[in-house]
Amino acid sequence: MNKKFMSAMISSVLAASLLGGLSAEAKSGEGTVNMCGSSTKTSYSCTFWGQSNFWDVWWGADGSSRTFWYGSNPFYLTSITHQDIISCTGLGSLSIGITPSGPNASSSISGHSVTYSYTNYNTYLISVQLHYKHTGMLAAWNYDMYTHATLQDGSTFYNVYSN
């Protein structure tokens, strides 16, 4: 066997063994903060999935996340920026397989962590249906997620994180 084929075989066996326990791993979390005499909550609920072939690993998360302002004074906040932060431990370079869609959606990668950001103005809610897909890694494990929200009321900013 040539070295390239042998390397691909070893990589796929390693990836399959590392993904073996990830048929459907469910996670959820939430966090609240008091502001302006009321509260806000950010939360998520998702299922991580993964699959591999001889060349790389695909993994992702399906579910939902949201940030909700429960106040009535003001009824609408100046802005809400909601972020889904998804990470893993792994081998190889991480890339985004599906571009996020939603209000002012963007994404960024740092190491093995991806941040999906959504911003809405004059609102009390951002709700996201997740279908995130990541590619390009040789192996991936220890999947995790949390949400972070920055809420703006005029010139005052508040931060809330899920667990």
# chains A, B, ... in the order shown; residues from 1 in each chain; ligands from 1
call {"tool": "closest_atom_pairs", "arguments": {"of": "range 17-112 of chain A", "to": "range 121-136 of chain A", "cutoff": "8 Å", "atoms": "only C-alpha atoms", "output": "CSV"}}
result
residue,atom,partner,partner_atom,distance
A:Cys46,CA,A:Leu130,CA,7.7
A:Asp56,CA,A:Gly136,CA,5.5
A:Val57,CA,A:Thr135,CA,5.9
A:Trp58,CA,A:Thr135,CA,4.6
A:Trp59,CA,A:His134,CA,5.3
A:Gly60,CA,A:Lys133,CA,4.3
A:Ala61,CA,A:Tyr132,CA,5.2
A:Asp62,CA,A:His131,CA,4.6
A:Gly63,CA,A:Leu130,CA,4.9
A:Ser64,CA,A:Gln129,CA,4.5
A:Ser65,CA,A:Val128,CA,5.2
A:Arg66,CA,A:Ser127,CA,4.3
A:Thr67,CA,A:Ile126,CA,5.4
A:Phe68,CA,A:Leu125,CA,4.6
A:Trp69,CA,A:Tyr124,CA,5.0
A:Tyr70,CA,A:Tyr124,CA,7.5
A:Phe75,CA,A:Tyr124,CA,7.1
A:Tyr76,CA,A:Thr123,CA,4.8
A:Leu77,CA,A:Asn122,CA,5.3
A:Thr78,CA,A:Asn122,CA,4.9
A:Ser79,CA,A:Tyr121,CA,4.2
A:Ile80,CA,A:Tyr121,CA,6.5
A:His82,CA,A:Ile126,CA,6.9
A:Gly92,CA,A:Gly136,CA,6.8
A:Ser93,CA,A:Gly136,CA,5.7
A:Leu94,CA,A:Gly136,CA,5.4
A:Ser95,CA,A:Thr135,CA,5.3
A:Ile96,CA,A:His134,CA,4.7
A:Gly97,CA,A:His134,CA,4.9
A:Ile98,CA,A:Lys133,CA,5.5
A:Thr99,CA,A:Tyr132,CA,8.0
A:Pro100,CA,A:Tyr132,CA,7.5
A:Gly102,CA,A:Val128,CA,7.3
call {"tool": "write_last_selection", "arguments": {"atoms": "N, CA and C atoms", "output": "mmCIF file, in the first residue's frame"}}
result
data_model
loop_
_atom_site.group_PDB
_atom_site.id
_atom_site.type_symbol
_atom_site.label_atom_id
_atom_site.label_comp_id
_atom_site.auth_asym_id
_atom_site.auth_seq_id
_atom_site.Cartn_x
_atom_site.Cartn_y
_atom_site.Cartn_z
ATOM 1 N N CYS A 46 -29.980 21.676 21.788
ATOM 2 C CA CYS A 46 -29.510 21.159 20.512
ATOM 3 C C CYS A 46 -29.103 19.696 20.626
ATOM 4 N N ASP A 56 -12.388 13.368 5.770
ATOM 5 C CA ASP A 56 -12.656 14.348 6.822
ATOM 6 C C ASP A 56 -13.897 13.970 7.627
ATOM 7 N N VAL A 57 -14.199 14.806 8.594
ATOM 8 C CA VAL A 57 -15.321 14.605 9.514
ATOM 9 C C VAL A 57 -16.303 15.751 9.314
ATOM 10 N N TRP A 58 -17.596 15.444 9.254
ATOM 11 C CA TRP A 58 -18.643 16.453 9.301
ATOM 12 C C TRP A 58 -19.293 16.347 10.666
ATOM 13 N N TRP A 59 -19.555 17.450 11.287
ATOM 14 C CA TRP A 59 -20.292 17.429 12.547
ATOM 15 C C TRP A 59 -21.100 18.709 12.633
ATOM 16 N N GLY A 60 -22.121 18.673 13.444
ATOM 17 C CA GLY A 60 -22.957 19.851 13.551
ATOM 18 C C GLY A 60 -23.918 19.777 14.715
ATOM 19 N N ALA A 61 -24.805 20.748 14.736
ATOM 20 C CA ALA A 61 -25.806 20.849 15.795
ATOM 21 C C ALA A 61 -27.132 21.254 15.169
ATOM 22 N N ASP A 62 -28.191 20.597 15.582
ATOM 23 C CA ASP A 62 -29.548 20.935 15.179
ATOM 24 C C ASP A 62 -30.350 21.258 16.432
ATOM 25 N N GLY A 63 -31.206 22.255 16.366
ATOM 26 C CA GLY A 63 -32.020 22.600 17.526
ATOM 27 C C GLY A 63 -32.482 24.036 17.456
ATOM 28 N N SER A 64 -32.489 24.709 18.612
ATOM 29 C CA SER A 64 -32.937 26.097 18.662
ATOM 30 C C SER A 64 -32.215 26.841 19.780
ATOM 31 N N SER A 65 -32.160 28.154 19.616
ATOM 32 C CA SER A 65 -31.626 29.021 20.665
ATOM 33 C C SER A 65 -32.370 30.343 20.593
ATOM 34 N N ARG A 66 -32.346 31.084 21.700
ATOM 35 C CA ARG A 66 -33.060 32.354 21.706
ATOM 36 C C ARG A 66 -32.604 33.238 22.851
ATOM 37 N N THR A 67 -32.828 34.514 22.679
ATOM 38 C CA THR A 67 -32.670 35.497 23.740
ATOM 39 C C THR A 67 -33.979 36.271 23.803
ATOM 40 N N PHE A 68 -34.524 36.395 25.020
ATOM 41 C CA PHE A 68 -35.846 36.995 25.212
ATOM 42 C C PHE A 68 -35.773 38.031 26.329
ATOM 43 N N TRP A 69 -36.267 39.230 26.070
ATOM 44 C CA TRP A 69 -36.375 40.300 27.059
ATOM 45 C C TRP A 69 -37.792 40.286 27.615
ATOM 46 N N TYR A 70 -37.924 40.111 28.934
ATOM 47 C CA TYR A 70 -39.227 40.002 29.581
ATOM 48 C C TYR A 70 -39.790 41.336 30.066
ATOM 49 N N PHE A 75 -40.519 48.391 26.268
ATOM 50 C CA PHE A 75 -41.071 47.171 25.694
ATOM 51 C C PHE A 75 -40.087 46.576 24.688
ATOM 52 N N TYR A 76 -39.497 47.446 23.857
ATOM 53 C CA TYR A 76 -38.478 47.025 22.893
ATOM 54 C C TYR A 76 -37.120 47.555 23.331
ATOM 55 N N LEU A 77 -36.095 46.735 23.187
ATOM 56 C CA LEU A 77 -34.733 47.178 23.452
ATOM 57 C C LEU A 77 -34.152 47.818 22.196
ATOM 58 N N THR A 78 -33.146 48.651 22.379
ATOM 59 C CA THR A 78 -32.485 49.275 21.237
ATOM 60 C C THR A 78 -31.928 48.209 20.304
ATOM 61 N N SER A 79 -31.253 47.195 20.868
ATOM 62 C CA SER A 79 -30.752 46.079 20.051
ATOM 63 C C SER A 79 -30.484 44.864 20.923
ATOM 64 N N ILE A 80 -30.500 43.709 20.287
ATOM 65 C CA ILE A 80 -30.083 42.451 20.906
ATOM 66 C C ILE A 80 -29.111 41.786 19.943
ATOM 67 N N HIS A 82 -27.354 38.220 19.669
ATOM 68 C CA HIS A 82 -27.405 36.852 20.182
ATOM 69 C C HIS A 82 -26.299 36.052 19.500
ATOM 70 N N GLY A 92 -7.079 18.822 12.940
ATOM 71 C CA GLY A 92 -7.327 19.411 11.628
ATOM 72 C C GLY A 92 -7.961 20.779 11.742
ATOM 73 N N SER A 93 -8.217 21.366 10.589
ATOM 74 C CA SER A 93 -8.785 22.713 10.506
ATOM 75 C C SER A 93 -10.298 22.649 10.409
ATOM 76 N N LEU A 94 -10.948 23.528 11.129
ATOM 77 C CA LEU A 94 -12.402 23.609 11.158
ATOM 78 C C LEU A 94 -12.870 24.594 10.099
ATOM 79 N N SER A 95 -13.913 24.245 9.362
ATOM 80 C CA SER A 95 -14.532 25.180 8.426
ATOM 81 C C SER A 95 -16.053 25.072 8.552
ATOM 82 N N ILE A 96 -16.742 26.104 8.072
ATOM 83 C CA ILE A 96 -18.199 26.175 8.175
ATOM 84 C C ILE A 96 -18.808 25.589 6.917
ATOM 85 N N GLY A 97 -19.701 24.627 7.091
ATOM 86 C CA GLY A 97 -20.327 23.963 5.959
ATOM 87 C C GLY A 97 -21.621 24.608 5.512
ATOM 88 N N ILE A 98 -22.331 25.274 6.421
ATOM 89 C CA ILE A 98 -23.586 25.958 6.085
ATOM 90 C C ILE A 98 -23.522 27.361 6.678
ATOM 91 N N THR A 99 -23.716 28.378 5.844
ATOM 92 C CA THR A 99 -23.684 29.761 6.299
ATOM 93 C C THR A 99 -24.974 30.059 7.066
ATOM 94 N N PRO A 100 -24.881 30.738 8.225
ATOM 95 C CA PRO A 100 -26.091 31.010 9.003
ATOM 96 C C PRO A 100 -27.010 32.000 8.299
ATOM 97 N N GLY A 102 -30.499 34.556 9.124
ATOM 98 C CA GLY A 102 -31.271 35.173 10.191
ATOM 99 C C GLY A 102 -30.988 36.649 10.209
#
call {"tool": "closest_residue", "arguments": {"among": "A:Ser87, A:Ser43, A:Ser38, A:Ser110", "to": "Asn163 in chain A", "atoms": "only C-alpha atoms"}}
result
A:Ser43
call {"tool": "atom_distance", "arguments": {"atom1": "CA of Trp49 in chain A", "atom2": "CA of Ser101 in chain A"}}
result
20.1 Å
call {"tool": "atom_distance", "arguments": {"atom1": "CA of Thr81 in chain A", "atom2": "CA of Tyr161 in chain A"}}
result
11.9 Å
call {"tool": "residues_around", "arguments": {"residues": "Ile85 in chain A", "least_positions_apart": "6", "cutoff": "10 Å", "atoms": "only C-alpha atoms", "output": "ChimeraX atom specification"}}
result
/A:107-109,113-117,144-148
call {"tool": "write_last_selection", "arguments": {"atoms": "N, CA and C atoms", "output": "compact mmCIF listing (two decimals), in the first residue's frame"}}
result
# COMPACT_ATOMS: atom_id res chain seq x y z
N SER A 107 -20.73 34.77 10.93
CA SER A 107 -20.05 33.68 11.63
C SER A 107 -18.56 33.93 11.60
N SER A 108 -17.86 33.36 12.59
CA SER A 108 -16.40 33.46 12.64
C SER A 108 -15.84 32.21 13.29
N ILE A 109 -14.60 31.91 12.95
CA ILE A 109 -13.92 30.73 13.48
C ILE A 109 -12.66 31.17 14.22
N SER A 113 -13.46 26.58 17.53
CA SER A 113 -14.67 27.21 18.04
C SER A 113 -15.29 28.07 16.94
N VAL A 114 -16.61 27.98 16.79
CA VAL A 114 -17.34 28.79 15.80
C VAL A 114 -18.35 29.64 16.55
N THR A 115 -18.40 30.93 16.20
CA THR A 115 -19.38 31.84 16.78
C THR A 115 -20.33 32.28 15.67
N TYR A 116 -21.62 32.04 15.90
CA TYR A 116 -22.67 32.50 15.00
C TYR A 116 -23.36 33.67 15.69
N SER A 117 -23.40 34.83 15.03
CA SER A 117 -23.97 36.05 15.63
C SER A 117 -25.18 36.52 14.86
N ASP A 144 -19.43 21.04 22.42
CA ASP A 144 -20.04 21.87 23.45
C ASP A 144 -20.67 23.09 22.80
N MET A 145 -21.59 23.71 23.54
CA MET A 145 -22.26 24.92 23.06
C MET A 145 -22.67 25.77 24.24
N TYR A 146 -22.68 27.07 24.04
CA TYR A 146 -23.32 27.98 24.97
C TYR A 146 -23.78 29.20 24.19
N THR A 147 -24.63 30.01 24.78
CA THR A 147 -25.10 31.23 24.13
C THR A 147 -24.65 32.43 24.94
N HIS A 148 -24.48 33.54 24.25
CA HIS A 148 -24.13 34.82 24.85
C HIS A 148 -24.99 35.88 24.18
